[in-house]
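Shown next: upload-v7.txt, given as compact mmCIF, C-alpha atoms and all ligand atoms.
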```txt
# COMPACT_ATOMS: atom_id res chain seq x y z
CA MET Q 159 -19.19 61.79 -44.48
CA GLN Q 160 -18.29 58.10 -44.47
CA PRO Q 161 -17.44 55.86 -47.44
CA LEU Q 162 -20.14 53.37 -48.46
CA ARG Q 163 -20.44 50.28 -46.24
CA GLY Q 164 -17.96 47.62 -47.34
CA THR Q 165 -15.70 50.11 -49.16
CA LYS Q 166 -12.49 51.70 -47.89
CA ASP Q 167 -10.05 54.46 -48.74
CA ILE Q 168 -6.56 53.11 -49.21
CA LEU Q 169 -4.46 55.79 -47.56
CA PRO Q 170 -0.84 56.85 -48.26
CA SER Q 171 0.35 54.88 -45.23
CA GLU Q 172 -0.81 51.73 -47.06
CA THR Q 173 -0.34 52.51 -50.75
CA GLU Q 174 3.39 51.94 -50.52
CA ILE Q 175 2.71 48.35 -49.48
CA TRP Q 176 0.16 47.90 -52.27
CA GLN Q 177 2.77 49.18 -54.74
CA HIS Q 178 5.33 46.79 -53.29
CA VAL Q 179 2.90 43.89 -53.87
CA TYR Q 180 2.25 44.96 -57.47
CA ASP Q 181 5.98 45.46 -58.14
CA THR Q 182 6.89 42.07 -56.66
CA ALA Q 183 4.20 40.29 -58.68
CA ARG Q 184 4.91 42.20 -61.88
CA GLN Q 185 8.65 41.46 -61.76
CA LEU Q 186 8.15 37.75 -61.23
CA LEU Q 187 5.26 37.38 -63.68
CA SER Q 188 7.11 39.16 -66.44
CA ILE Q 189 9.98 36.65 -66.12
CA TYR Q 190 7.41 33.91 -66.79
CA ASN Q 191 6.12 36.01 -69.73
CA TYR Q 192 2.75 36.84 -68.15
CA LYS Q 193 1.43 40.08 -69.61
CA GLU Q 194 -0.89 42.52 -67.95
CA VAL Q 195 -4.44 42.81 -69.25
CA ARG Q 196 -6.93 45.51 -68.23
CA THR Q 197 -10.59 44.79 -68.89
CA PRO Q 198 -13.54 47.10 -68.17
CA ILE Q 199 -15.00 47.18 -64.67
CA ILE Q 200 -18.50 47.01 -66.12
CA GLU Q 201 -19.72 44.14 -68.27
CA SER Q 202 -23.03 42.86 -69.52
CA THR Q 203 -24.82 41.04 -66.65
CA ASP Q 204 -25.36 37.88 -68.69
CA LEU Q 205 -21.57 37.39 -68.97
CA PHE Q 206 -21.33 36.65 -65.25
CA GLU Q 207 -24.58 34.67 -65.22
CA LYS Q 208 -23.23 32.43 -67.99
CA CYS Q 209 -19.72 32.08 -66.54
CA ILE Q 210 -20.12 31.95 -62.77
CA GLY Q 211 -23.43 30.09 -62.76
CA ASN Q 212 -26.99 31.09 -61.93
CA PHE Q 213 -27.17 29.07 -58.73
CA THR Q 214 -23.98 30.41 -57.17
CA ASP Q 215 -24.10 32.89 -54.28
CA ILE Q 216 -22.21 35.45 -56.36
CA VAL Q 217 -24.78 35.58 -59.17
CA ASN Q 218 -27.77 34.91 -56.95
CA LYS Q 219 -27.32 37.57 -54.34
CA GLU Q 220 -24.02 39.41 -54.54
CA MET Q 221 -23.86 41.23 -57.86
CA TYR Q 222 -24.00 44.99 -58.23
CA THR Q 223 -26.37 45.13 -61.18
CA PHE Q 224 -28.17 48.11 -62.66
CA ASN Q 225 -29.87 49.16 -65.86
CA ASP Q 226 -28.12 51.86 -67.84
CA GLN Q 227 -29.87 54.69 -69.73
CA SER Q 228 -30.48 52.35 -72.66
CA ASN Q 229 -32.04 49.80 -70.34
CA ARG Q 230 -29.16 47.33 -70.70
CA SER Q 231 -28.41 45.23 -67.64
CA ILE Q 232 -24.89 46.06 -66.49
CA THR Q 233 -22.88 44.50 -63.63
CA LEU Q 234 -19.79 45.71 -61.79
CA ARG Q 235 -17.40 42.77 -62.19
CA PRO Q 236 -17.46 40.43 -59.16
CA GLU Q 237 -14.31 38.66 -60.41
CA GLY Q 238 -11.81 38.81 -63.27
CA THR Q 239 -11.88 35.42 -65.02
CA SER Q 240 -15.23 35.92 -66.79
CA SER Q 241 -14.10 39.27 -68.22
CA ILE Q 242 -10.83 37.75 -69.41
CA ALA Q 243 -12.61 34.82 -71.08
CA ARG Q 244 -14.81 37.40 -72.82
CA ALA Q 245 -11.75 39.48 -73.80
CA VAL Q 246 -10.02 36.41 -75.27
CA ILE Q 247 -13.03 35.89 -77.53
CA SER Q 248 -13.71 39.57 -78.36
CA ASN Q 249 -10.09 40.17 -79.33
CA LYS Q 250 -9.49 36.75 -80.92
CA LEU Q 251 -6.50 36.23 -78.65
CA SER Q 252 -6.62 32.46 -78.99
CA LEU Q 253 -6.21 32.42 -82.74
CA ASN Q 254 -3.94 29.61 -84.04
CA ASN Q 255 -3.90 27.86 -80.67
CA GLN Q 256 -1.79 30.64 -79.28
CA MET Q 257 -0.99 30.60 -75.55
CA ASN Q 258 -1.94 33.66 -73.52
CA ARG Q 259 -0.32 34.15 -70.16
CA LEU Q 260 -2.17 37.06 -68.58
CA TRP Q 261 -2.27 38.85 -65.25
CA TYR Q 262 -4.55 41.54 -63.89
CA ALA Q 263 -5.12 43.55 -60.76
CA GLY Q 264 -8.01 45.75 -59.82
CA PRO Q 265 -11.24 46.29 -57.91
CA MET Q 266 -14.04 43.70 -57.83
CA PHE Q 267 -17.52 44.11 -56.35
CA ARG Q 268 -19.66 41.71 -54.36
CA TYR Q 269 -22.60 42.63 -52.15
CA GLU Q 270 -21.53 40.57 -49.12
CA ARG Q 271 -21.82 41.23 -45.39
CA PRO Q 272 -18.68 43.25 -44.64
CA GLN Q 273 -16.26 41.96 -42.00
CA LYS Q 274 -12.50 41.76 -41.56
CA GLY Q 275 -11.09 40.56 -44.89
CA ARG Q 276 -14.45 40.83 -46.62
CA GLN Q 277 -15.50 43.99 -48.41
CA ARG Q 278 -18.03 44.97 -51.03
CA GLN Q 279 -15.35 46.64 -53.13
CA PHE Q 280 -12.17 44.58 -52.83
CA HIS Q 281 -9.13 44.01 -55.00
CA GLN Q 282 -7.76 40.94 -56.70
CA LEU Q 283 -4.44 40.16 -58.28
CA GLY Q 284 -4.96 37.29 -60.67
CA ILE Q 285 -3.25 35.27 -63.37
CA GLU Q 286 -4.71 33.16 -66.17
CA CYS Q 287 -2.67 30.69 -68.21
CA ILE Q 288 -4.82 30.24 -71.29
CA GLY Q 289 -4.31 27.68 -74.07
CA SER Q 290 -2.91 24.54 -72.45
CA ALA Q 291 -4.65 21.48 -71.03
CA LYS Q 292 -1.36 20.07 -69.72
CA PRO Q 293 -0.85 19.54 -65.97
CA VAL Q 294 2.34 21.56 -66.28
CA ALA Q 295 0.15 24.69 -66.67
CA ASP Q 296 -1.62 23.91 -63.37
CA THR Q 297 1.74 23.51 -61.65
CA GLU Q 298 3.09 26.69 -63.23
CA VAL Q 299 0.26 28.85 -61.89
CA ILE Q 300 0.32 27.24 -58.43
CA GLN Q 301 4.06 27.68 -58.30
CA LEU Q 302 3.69 31.36 -59.16
CA ALA Q 303 1.24 31.93 -56.31
CA ASP Q 304 3.66 30.15 -54.00
CA LYS Q 305 6.59 32.26 -55.21
CA ILE Q 306 4.72 35.56 -54.85
CA LEU Q 307 3.72 34.70 -51.28
CA THR Q 308 7.29 33.63 -50.53
CA LYS Q 309 8.66 36.91 -51.87
CA LEU Q 310 6.14 38.79 -49.75
CA GLN Q 311 7.39 36.85 -46.74
CA CYS Q 312 4.06 35.34 -45.77
CA LYS Q 313 4.27 31.80 -47.12
CA GLU Q 314 4.87 30.37 -43.67
CA GLU Q 315 1.41 31.56 -42.64
CA CYS Q 316 -0.31 29.88 -45.60
CA ASN Q 317 -1.58 26.40 -46.51
CA LEU Q 318 -2.23 25.21 -50.03
CA GLU Q 319 -5.27 22.93 -50.35
CA LEU Q 320 -5.78 20.92 -53.49
CA ASN Q 321 -8.54 18.81 -55.01
CA SER Q 322 -9.57 17.39 -58.34
CA ILE Q 323 -13.22 17.97 -59.14
CA GLY Q 324 -13.11 16.00 -62.41
CA ASN Q 325 -14.96 16.90 -65.58
CA ILE Q 326 -18.63 17.77 -66.08
CA GLU Q 327 -19.80 14.16 -66.66
CA GLU Q 328 -17.89 12.80 -63.68
CA ARG Q 329 -19.26 15.53 -61.48
CA LYS Q 330 -22.78 14.93 -62.76
CA LEU Q 331 -22.57 11.27 -61.81
CA TYR Q 332 -21.18 12.12 -58.40
CA THR Q 333 -23.73 14.88 -57.79
CA GLU Q 334 -26.60 12.45 -58.47
CA GLN Q 335 -25.23 10.06 -55.85
CA LEU Q 336 -24.55 12.88 -53.41
CA ILE Q 337 -28.12 14.19 -53.70
CA LYS Q 338 -29.50 10.68 -53.24
CA TYR Q 339 -27.41 10.22 -50.09
CA LEU Q 340 -28.10 13.66 -48.61
CA LYS Q 341 -31.86 13.41 -49.17
CA LYS Q 342 -31.84 10.66 -46.51
CA TYR Q 343 -30.52 13.18 -43.98
CA GLU Q 344 -32.26 16.30 -45.30
CA GLU Q 345 -33.92 17.11 -41.96
CA GLU Q 346 -30.59 17.06 -40.14
CA LEU Q 347 -28.74 19.35 -42.53
CA ASP Q 348 -28.28 23.07 -41.85
CA LYS Q 349 -30.69 25.45 -43.57
CA ASP Q 350 -28.15 26.56 -46.25
CA SER Q 351 -27.34 22.97 -47.17
CA GLN Q 352 -31.05 22.06 -47.35
CA ARG Q 353 -31.52 24.87 -49.84
CA ARG Q 354 -28.45 23.81 -51.80
CA ILE Q 355 -29.57 20.19 -52.29
CA ASN Q 356 -31.77 21.38 -55.14
CA THR Q 357 -29.68 24.27 -56.41
CA ASN Q 358 -25.95 23.73 -55.91
CA PRO Q 359 -25.39 20.41 -54.03
CA LEU Q 360 -21.60 20.37 -54.48
CA ARG Q 361 -21.32 23.52 -52.35
CA ILE Q 362 -22.65 21.50 -49.40
CA LEU Q 363 -19.21 19.84 -49.27
CA ASP Q 364 -17.86 23.22 -48.23
CA SER Q 365 -20.22 23.51 -45.23
CA LYS Q 366 -18.60 24.49 -41.95
CA ILE Q 367 -21.51 23.11 -39.89
CA TYR Q 368 -20.42 20.18 -37.72
CA ARG Q 369 -23.47 17.92 -38.19
CA THR Q 370 -23.44 18.47 -41.95
CA GLN Q 371 -19.76 17.56 -42.05
CA GLU Q 372 -20.45 14.45 -39.99
CA ILE Q 373 -23.13 13.38 -42.48
CA LEU Q 374 -20.79 14.06 -45.40
CA ASN Q 375 -18.06 11.92 -43.81
CA ASN Q 376 -20.05 8.79 -44.54
CA GLY Q 377 -21.27 9.91 -47.93
CA PRO Q 378 -19.96 9.32 -51.46
CA ILE Q 379 -16.48 10.69 -52.25
CA LEU Q 380 -15.89 12.67 -55.43
CA LYS Q 381 -12.52 11.04 -56.04
CA ASN Q 382 -14.18 7.64 -56.53
CA TYR Q 383 -16.13 9.01 -59.51
CA LEU Q 384 -13.11 10.37 -61.39
CA SER Q 385 -11.93 8.74 -64.61
CA LEU Q 386 -8.40 7.50 -65.13
CA GLU Q 387 -7.66 10.57 -67.22
CA SER Q 388 -8.74 12.97 -64.46
CA LEU Q 389 -6.77 11.03 -61.88
CA LYS Q 390 -3.66 10.99 -64.08
CA HIS Q 391 -3.86 14.75 -64.62
CA PHE Q 392 -4.13 15.35 -60.90
CA GLU Q 393 -1.38 12.91 -60.07
CA GLN Q 394 0.97 14.70 -62.46
CA VAL Q 395 0.20 18.08 -60.85
CA CYS Q 396 0.88 16.64 -57.38
CA LYS Q 397 4.12 14.99 -58.55
CA SER Q 398 5.43 18.26 -59.96
CA LEU Q 399 4.50 20.12 -56.78
CA ASP Q 400 6.38 17.47 -54.80
CA TYR Q 401 9.38 17.93 -57.05
CA LEU Q 402 9.23 21.70 -56.51
CA ASN Q 403 8.93 21.10 -52.79
CA ILE Q 404 5.63 22.97 -52.62
CA LYS Q 405 3.68 21.63 -49.68
CA TYR Q 406 -0.05 20.98 -50.05
CA THR Q 407 -2.93 19.29 -48.30
CA LEU Q 408 -5.38 17.17 -50.26
CA ASN Q 409 -8.91 18.26 -49.42
CA SER Q 410 -11.56 16.12 -51.07
CA TYR Q 411 -14.27 18.54 -49.90
CA LEU Q 412 -12.73 21.53 -51.65
CA VAL Q 413 -15.20 22.83 -54.23
CA ARG Q 414 -15.14 26.37 -55.52
CA GLY Q 415 -17.91 28.93 -55.35
CA LEU Q 416 -17.93 29.46 -59.12
CA ASP Q 417 -19.28 26.92 -61.61
CA TYR Q 418 -16.67 27.07 -64.36
CA TYR Q 419 -14.00 24.78 -62.87
CA ASN Q 420 -12.96 21.27 -63.84
CA TYR Q 421 -10.05 19.03 -62.81
CA THR Q 422 -7.73 20.93 -60.46
CA ALA Q 423 -9.24 23.22 -57.84
CA PHE Q 424 -7.14 24.87 -55.15
CA GLU Q 425 -7.17 27.43 -52.39
CA ILE Q 426 -4.45 28.99 -50.31
CA LYS Q 427 -5.69 29.62 -46.80
CA THR Q 428 -4.05 31.53 -44.00
CA LYS Q 429 -3.72 29.85 -40.64
CA SER Q 430 -5.73 32.62 -38.98
CA TYR Q 431 -9.27 31.84 -37.91
CA SER Q 432 -10.07 35.35 -36.72
CA HIS Q 433 -11.18 36.50 -40.15
CA GLN Q 434 -11.91 35.34 -43.71
CA ASN Q 435 -8.94 33.11 -44.36
CA THR Q 436 -9.04 32.14 -48.03
CA LEU Q 437 -6.31 34.24 -49.52
CA CYS Q 438 -6.16 32.78 -53.02
CA GLY Q 439 -8.58 30.67 -55.02
CA GLY Q 440 -8.23 29.14 -58.43
CA GLY Q 441 -8.32 26.15 -60.69
CA ARG Q 442 -8.68 24.84 -64.20
CA TYR Q 443 -11.55 25.95 -66.43
CA ASP Q 444 -11.26 24.15 -69.76
CA ASN Q 445 -14.81 24.76 -71.02
CA LEU Q 446 -15.47 28.37 -70.12
CA ILE Q 447 -14.24 30.06 -73.29
CA GLU Q 448 -15.97 27.54 -75.55
CA GLN Q 449 -19.15 27.83 -73.48
CA LEU Q 450 -19.11 31.58 -74.13
CA GLY Q 451 -18.96 31.02 -77.90
CA GLY Q 452 -15.20 30.97 -78.40
CA PRO Q 453 -12.92 28.17 -79.62
CA LYS Q 454 -12.15 25.26 -77.28
CA THR Q 455 -9.48 26.80 -75.09
CA PRO Q 456 -8.32 25.12 -71.90
CA ALA Q 457 -7.13 27.42 -69.13
CA VAL Q 458 -6.09 27.59 -65.50
CA GLY Q 459 -5.56 30.48 -63.10
CA TRP Q 460 -6.07 32.01 -59.67
CA ALA Q 461 -6.82 35.25 -57.89
CA ILE Q 462 -5.44 36.55 -54.61
CA GLY Q 463 -7.61 38.84 -52.48
CA LEU Q 464 -5.37 41.82 -51.83
CA GLU Q 465 -7.13 43.10 -48.71
CA ARG Q 466 -6.62 39.68 -47.11
CA LEU Q 467 -3.00 39.70 -48.21
CA MET Q 468 -2.54 43.15 -46.66
CA ILE Q 469 -3.76 41.86 -43.28
CA LEU Q 470 -0.90 39.34 -43.41
CA ILE Q 471 1.96 41.49 -44.62
CA LYS Q 472 1.16 45.05 -43.56
CA GLN Q 473 2.97 45.13 -40.26
CA LYS Q 474 6.15 43.41 -41.44
CA LEU Q 475 6.49 45.43 -44.63
CA ASN Q 476 5.67 48.73 -42.95
CA THR Q 477 8.51 48.19 -40.49
CA GLU Q 478 10.83 47.26 -43.35
CA ILE Q 479 9.94 50.39 -45.32
CA ILE Q 480 10.47 52.64 -42.30
CA ASN Q 481 13.74 50.88 -41.44
CA LYS Q 482 15.02 51.68 -44.90
CA THR Q 483 14.12 55.37 -44.78
CA ILE Q 484 16.88 57.85 -43.93
CA TYR Q 485 15.68 60.73 -41.82
CA ILE Q 486 17.24 64.17 -42.34
CA ALA Q 487 17.00 66.43 -39.32
CA THR Q 488 18.25 69.98 -39.72
CA GLU Q 489 18.49 73.01 -37.50
CA ASN Q 490 17.98 76.52 -38.89
CA LEU Q 491 20.90 76.52 -41.28
CA TYR Q 492 22.99 79.53 -42.34
CA ASP Q 493 23.49 77.86 -45.68
CA ILE Q 494 20.60 75.60 -46.71
CA ASN Q 495 22.32 74.50 -49.92
CA VAL Q 496 24.01 71.71 -48.02
CA ILE Q 497 20.57 70.05 -47.83
CA TRP Q 498 20.51 69.76 -51.64
CA ASP Q 499 24.00 68.25 -51.65
CA VAL Q 500 22.99 65.57 -49.14
CA ILE Q 501 19.73 64.85 -50.98
CA ASN Q 502 21.54 64.53 -54.31
CA ILE Q 503 23.83 61.86 -52.90
CA LEU Q 504 20.89 59.89 -51.43
CA GLU Q 505 19.06 60.11 -54.73
CA LYS Q 506 22.16 58.91 -56.60
CA TYR Q 507 22.09 55.71 -54.51
CA CYS Q 508 18.27 55.46 -54.70
CA LEU Q 509 17.94 55.68 -50.95
CA LYS Q 510 14.56 56.78 -49.67
CA PHE Q 511 14.66 59.75 -47.32
CA GLU Q 512 12.37 61.97 -45.29
CA LEU Q 513 13.49 65.58 -44.98
CA ASP Q 514 11.96 67.01 -41.84
CA ILE Q 515 11.11 70.64 -42.63
CA THR Q 516 8.79 71.21 -39.70
CA ASP Q 517 9.41 74.14 -37.41
CA THR Q 518 10.80 72.28 -34.37
CA THR Q 519 14.18 71.76 -32.75
CA THR Q 520 16.67 69.22 -34.08
CA ARG Q 521 16.34 67.27 -30.83
CA LYS Q 522 12.56 66.93 -31.29
CA LYS Q 523 13.05 65.90 -34.92
CA ILE Q 524 15.43 63.11 -33.93
CA LYS Q 525 13.00 61.97 -31.25
CA LYS Q 526 10.23 61.88 -33.85
CA ALA Q 527 12.40 59.77 -36.19
CA SER Q 528 13.19 57.40 -33.36
CA LYS Q 529 9.52 57.01 -32.51
CA LEU Q 530 8.70 56.24 -36.15
CA GLY Q 531 11.20 53.37 -36.06
CA VAL Q 532 13.74 54.94 -38.44
CA LYS Q 533 17.24 53.47 -38.12
CA ILE Q 534 19.48 56.17 -39.58
CA CYS Q 535 19.26 59.91 -39.08
CA MET Q 536 21.48 62.45 -40.85
CA ILE Q 537 21.82 65.50 -38.67
CA LEU Q 538 22.72 68.82 -40.28
CA ARG Q 539 23.83 71.49 -37.79
CA ASN Q 540 25.66 74.78 -38.38
CA ASN Q 541 28.47 73.73 -36.05
CA GLU Q 542 29.50 70.65 -38.06
CA ILE Q 543 28.64 72.18 -41.43
CA SER Q 544 31.15 74.99 -40.84
CA ASN Q 545 33.75 72.17 -40.66
CA LYS Q 546 32.28 70.55 -43.80
CA GLN Q 547 30.88 67.65 -41.78
CA ILE Q 548 27.52 66.11 -40.89
CA ILE Q 549 26.44 63.74 -38.11
CA ILE Q 550 25.05 60.30 -38.82
CA LYS Q 551 23.16 58.84 -35.91
CA TRP Q 552 22.12 55.19 -35.76
CA LEU Q 553 18.90 55.47 -33.85
CA ASP Q 554 18.62 51.75 -33.07
CA THR Q 555 21.97 51.64 -31.21
CA GLY Q 556 22.48 55.34 -30.38
CA LYS Q 557 25.87 55.22 -32.11
CA GLN Q 558 26.88 58.53 -33.71
CA GLN Q 559 29.50 59.24 -36.39
CA ILE Q 560 30.87 62.48 -37.82
CA VAL Q 561 31.33 62.18 -41.57
CA ASN Q 562 33.24 64.60 -43.78
CA PHE Q 563 31.32 65.87 -46.80
CA SER Q 564 34.11 64.58 -48.96
CA ASN Q 565 33.40 61.04 -47.68
CA LEU Q 566 29.59 61.22 -47.73
CA ASP Q 567 29.28 59.68 -51.19
CA GLN Q 568 31.39 56.68 -50.15
CA TYR Q 569 29.52 56.37 -46.82
CA THR Q 570 26.15 56.40 -48.61
CA ASP Q 571 27.41 53.72 -50.98
CA TYR Q 572 28.11 51.62 -47.86
CA LEU Q 573 24.63 52.36 -46.46
CA LYS Q 574 23.12 51.12 -49.71
CA THR Q 575 24.83 47.75 -49.27
CA ILE Q 576 23.41 47.19 -45.79
CA PHE Q 577 19.81 48.00 -46.78
P1 LIG V 1 -12.74 33.61 -55.66
O1 LIG V 1 -12.37 32.47 -54.79
O2 LIG V 1 -14.15 33.96 -55.76
O3 LIG V 1 -12.14 33.27 -57.09
O4 LIG V 1 -11.94 34.89 -55.22
C1 LIG V 1 -10.53 34.89 -55.11
C2 LIG V 1 -10.09 35.62 -53.85
O5 LIG V 1 -10.66 36.93 -53.81
C3 LIG V 1 -10.59 35.00 -52.56
O6 LIG V 1 -9.76 33.91 -52.18
C4 LIG V 1 -10.47 36.15 -51.59
O7 LIG V 1 -9.14 36.30 -51.12
C5 LIG V 1 -10.81 37.33 -52.47
N1 LIG V 1 -12.20 37.78 -52.20
C6 LIG V 1 -13.33 37.25 -52.69
N2 LIG V 1 -14.40 37.91 -52.23
C7 LIG V 1 -13.93 38.90 -51.40
C8 LIG V 1 -14.52 39.93 -50.62
N3 LIG V 1 -15.84 40.13 -50.59
N4 LIG V 1 -13.71 40.74 -49.89
C9 LIG V 1 -12.36 40.57 -49.93
N5 LIG V 1 -11.75 39.62 -50.67
C10 LIG V 1 -12.52 38.79 -51.39
C11 LIG V 1 -12.26 34.07 -58.18
O8 LIG V 1 -12.64 35.21 -58.14
C12 LIG V 1 -11.73 33.43 -59.44
N6 LIG V 1 -11.93 34.37 -60.55
C13 LIG V 1 -10.28 33.04 -59.29
C14 LIG V 1 -9.70 32.41 -60.52
C15 LIG V 1 -8.92 32.99 -61.43
N7 LIG V 1 -9.92 31.18 -60.92
C16 LIG V 1 -9.29 30.97 -62.06
N8 LIG V 1 -8.68 32.09 -62.38
```

Please, can you express the file's structure as structure tokens?
Ligand code: HAM
Amino acid sequence: MQPLRGTKDILPSETEIWQHVYDTARQLLSIYNYKEVRTPIIESTDLFEKCIGNFTDIVNKEMYTFNDQSNRSITLRPEGTSSIARAVISNKLSLNNQMNRLWYAGPMFRYERPQKGRQRQFHQLGIECIGSAKPVADTEVIQLADKILTKLQCKEECNLELNSIGNIEERKLYTEQLIKYLKKYEEELDKDSQRRINTNPLRILDSKIYRTQEILNNGPILKNYLSLESLKHFEQVCKSLDYLNIKYTLNSYLVRGLDYYNYTAFEIKTKSYSHQNTLCGGGRYDNLIEQLGGPKTPAVGWAIGLERLMILIKQKLNTEIINKTIYIATENLYDINVIWDVINILEKYCLKFELDITDTTTRKKIKKASKLGVKICMILRNNEISNKQIIIKWLDTGKQQIVNFSNLDQYTDYLKTIF
């Protein structure tokens, strides 16, 4: 039996890294007073149609939609922002102009062609800063993405791309000019872009096809259609990012695949070209909540694709976790209670350990630990135990020390400081 195409089991060898990501994000986000929100995985289909846009790929061809027993059209959420906008309205969270700083993590569903970094059930970690139109909110959320990636030690492999896509009127004006220009070259455009001229012309800017890009290079530029207010907002965001020393690239072709954005749009891409490389996508969406029937509530946020993040950090973090595990190798002991004494001390110092209770020789156990990449092995043998001692072997250097039981607490305290 295999899992459904585009879905995967997340096995114990990986869950520890997933938990590390959640813990890292949760700790940081709670300092900034972001609170976790959990919305249902199923929502009414029209929520996503209204929010994401009828002409987007997501709504057009990627949604998992079915009719329930009462013949209601239900969709497995393809993203989190629409559900959160709905939750803000349903629960009147924006009453009295209150700010809501929210974060969420969980599975999303899109019927896409599976490949490395692209699944049909995937996971997002996202934040939404709801209730402020100020550029400082844009900078806050971008800074948080940057900090999370820094803490997860993968920032060096990432590039932040930034654009301002203006407001609805500005975009409408620009889109008219873009269509007019592209119509002249319609025959030369790729098939997708030809289709998009009449449905979602802005997405053509995102085309990876060389000839289409060449045509776009001489076409109208979105920036030239932005009002002073839009430009000022964007300039302020960029200035703050400069102050925070957060590097970014301006990409005037960056448009997002969902319709609800205005002003700032951004993506964090990995430098790898071997697989789907957009790690994080986000932007400002000032009209979404009002459009859904709620009060006018400006907002900005992002979501990181966790499977894509795992590709980046798995190896490094796995090694780190193994390095920090203390292996306990025992022979057949006359008095097994010594095991509990050693374990108690490790627990006291919150040191992770693996007690090898397989039926093999101590030598084979040590070899196994070495192969796993463990650094420190505590060896319990009758010989030393009768002298109230244990052996501590540093597997990376081969160095071996005999430690008296009476000193084990102090020694473990030292181990804690080097981890
Ligand atoms: P999105 O760009 O559609 O934005 O998705 C965000 C991230 O989810 C992507 O950058 C990617 O890492 C990941 N992702 C998307 N589709 C897949 C897939 N099929 N397999 C694996 N990973 C995938 C949103 O969803 C917006 N709701 C983000 C946002 C939040 N904007 C404002 N607030």

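Each of Q:Asn212, Q:Gln256, Q:Gln282, Q:Ser410 was compared to ligand LIG 1 (chain V) using all atoms listed in the file, and Q:Gln282 turns out to be the nearest.
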
Around (26.2, 75.3, -37.7), as given in the file, which residues come within 9 Å? Count all atoms listed in the file and list them as a PDB file with C-alpha atoms, keeping the file's coordinate frame.
```pdb
ATOM      1  CA  GLU Q 489      18.490  73.010 -37.500  1.00  0.00           C
ATOM      2  CA  ASN Q 490      17.980  76.520 -38.890  1.00  0.00           C
ATOM      3  CA  LEU Q 491      20.900  76.520 -41.280  1.00  0.00           C
ATOM      4  CA  TYR Q 492      22.990  79.530 -42.340  1.00  0.00           C
ATOM      5  CA  ASP Q 493      23.490  77.860 -45.680  1.00  0.00           C
ATOM      6  CA  LEU Q 538      22.720  68.820 -40.280  1.00  0.00           C
ATOM      7  CA  ARG Q 539      23.830  71.490 -37.790  1.00  0.00           C
ATOM      8  CA  ASN Q 540      25.660  74.780 -38.380  1.00  0.00           C
ATOM      9  CA  ASN Q 541      28.470  73.730 -36.050  1.00  0.00           C
ATOM     10  CA  GLU Q 542      29.500  70.650 -38.060  1.00  0.00           C
ATOM     11  CA  ILE Q 543      28.640  72.180 -41.430  1.00  0.00           C
ATOM     12  CA  SER Q 544      31.150  74.990 -40.840  1.00  0.00           C
ATOM     13  CA  ASN Q 545      33.750  72.170 -40.660  1.00  0.00           C
TER      14      ASN Q 545
END
```

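Note that the spacing between atom C7 of ligand LIG 1 (chain V) and atom CA of Q:Ile288 amounts to 23.5 Å.
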
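The interatomic distance for the pair atom CA of Q:Leu553 and atom CA of Q:Ser528 works out to 6.0 Å.
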
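Environment of ligand LIG 1 (chain V), defined as every protein or nucleic acid residue with an atom within 6 Å of it and counting only C-alpha atoms and all ligand atoms, comprises Glu237, Gly238, Thr239, Arg268, Glu270, Gly275, Arg276, Gln277, Arg278, Phe280, Gln282, Gly284, Glu286, Thr436, Leu437, Cys438, Gly439, Gly440, Gly441, Val458, Gly459, Trp460, Ala461, Ile462, Gly463, Glu465 and Arg466 of chain Q.
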
Counting all atoms listed in the file, the option among Q:Ile484, Q:Ile515, Q:Leu331, Q:Ile548 closest to Q:Val532
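Under the stated criterion, the closest residue is Q:Ile484.
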
Residue nearest Q:Gly264 among Q:Glu393, Q:Asp296, Q:Glu194, Q:Glu319 (counting only C-alpha atoms):
Q:Glu194

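Distance check against Q:Gln394 using all atoms listed in the file: of Q:Asn445, Q:Asn409, Q:Thr357, Q:Ser322, the minimum falls on Q:Ser322.
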
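Neighbours of Q:Asp571 closer than or equal to 12 Å, with only C-alpha atoms counted and sequence neighbours fewer than 5 positions away skipped, come out as Ile503, Leu504, Glu505, Lys506, Tyr507, Cys508, Leu509, Asn565, Leu566, Ile576 and Phe577 of chain Q.
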
Using all atoms listed in the file, can you tell me which of Q:Asp517, Q:Glu372, Q:Glu207, Q:Asp181 comes closest to Q:Tyr418?
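Once distances to Q:Tyr418 are computed over all atoms listed in the file, the minimum belongs to Q:Glu207.
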
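Distance annotation: of Q:Leu467, Q:Thr570, Q:Thr555, Q:Glu174, the residue with the minimal separation from Q:Asn502 is Q:Thr570; atom set is only C-alpha atoms.
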
Can you pull out the residues contacting Q:Gly451? Cut-off 12 Å, using all atoms listed in the file, and skip same-chain residues under 4 positions away; I want them as a VMD selection string.
chain Q and resid 205 208 to 209 243 to 248 250 445 to 447 455

Dump of C-alpha atoms for the selected residues, as an mmCIF file, in the frame of the given file:
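That gives us part.cif:
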```
data_model
loop_
_atom_site.group_PDB
_atom_site.id
_atom_site.type_symbol
_atom_site.label_atom_id
_atom_site.label_comp_id
_atom_site.auth_asym_id
_atom_site.auth_seq_id
_atom_site.Cartn_x
_atom_site.Cartn_y
_atom_site.Cartn_z
ATOM 1 C CA LEU Q 205 -21.570 37.390 -68.970
ATOM 2 C CA LYS Q 208 -23.230 32.430 -67.990
ATOM 3 C CA CYS Q 209 -19.720 32.080 -66.540
ATOM 4 C CA ALA Q 243 -12.610 34.820 -71.080
ATOM 5 C CA ARG Q 244 -14.810 37.400 -72.820
ATOM 6 C CA ALA Q 245 -11.750 39.480 -73.800
ATOM 7 C CA VAL Q 246 -10.020 36.410 -75.270
ATOM 8 C CA ILE Q 247 -13.030 35.890 -77.530
ATOM 9 C CA SER Q 248 -13.710 39.570 -78.360
ATOM 10 C CA LYS Q 250 -9.490 36.750 -80.920
ATOM 11 C CA ASN Q 445 -14.810 24.760 -71.020
ATOM 12 C CA LEU Q 446 -15.470 28.370 -70.120
ATOM 13 C CA ILE Q 447 -14.240 30.060 -73.290
ATOM 14 C CA THR Q 455 -9.480 26.800 -75.090
#
```
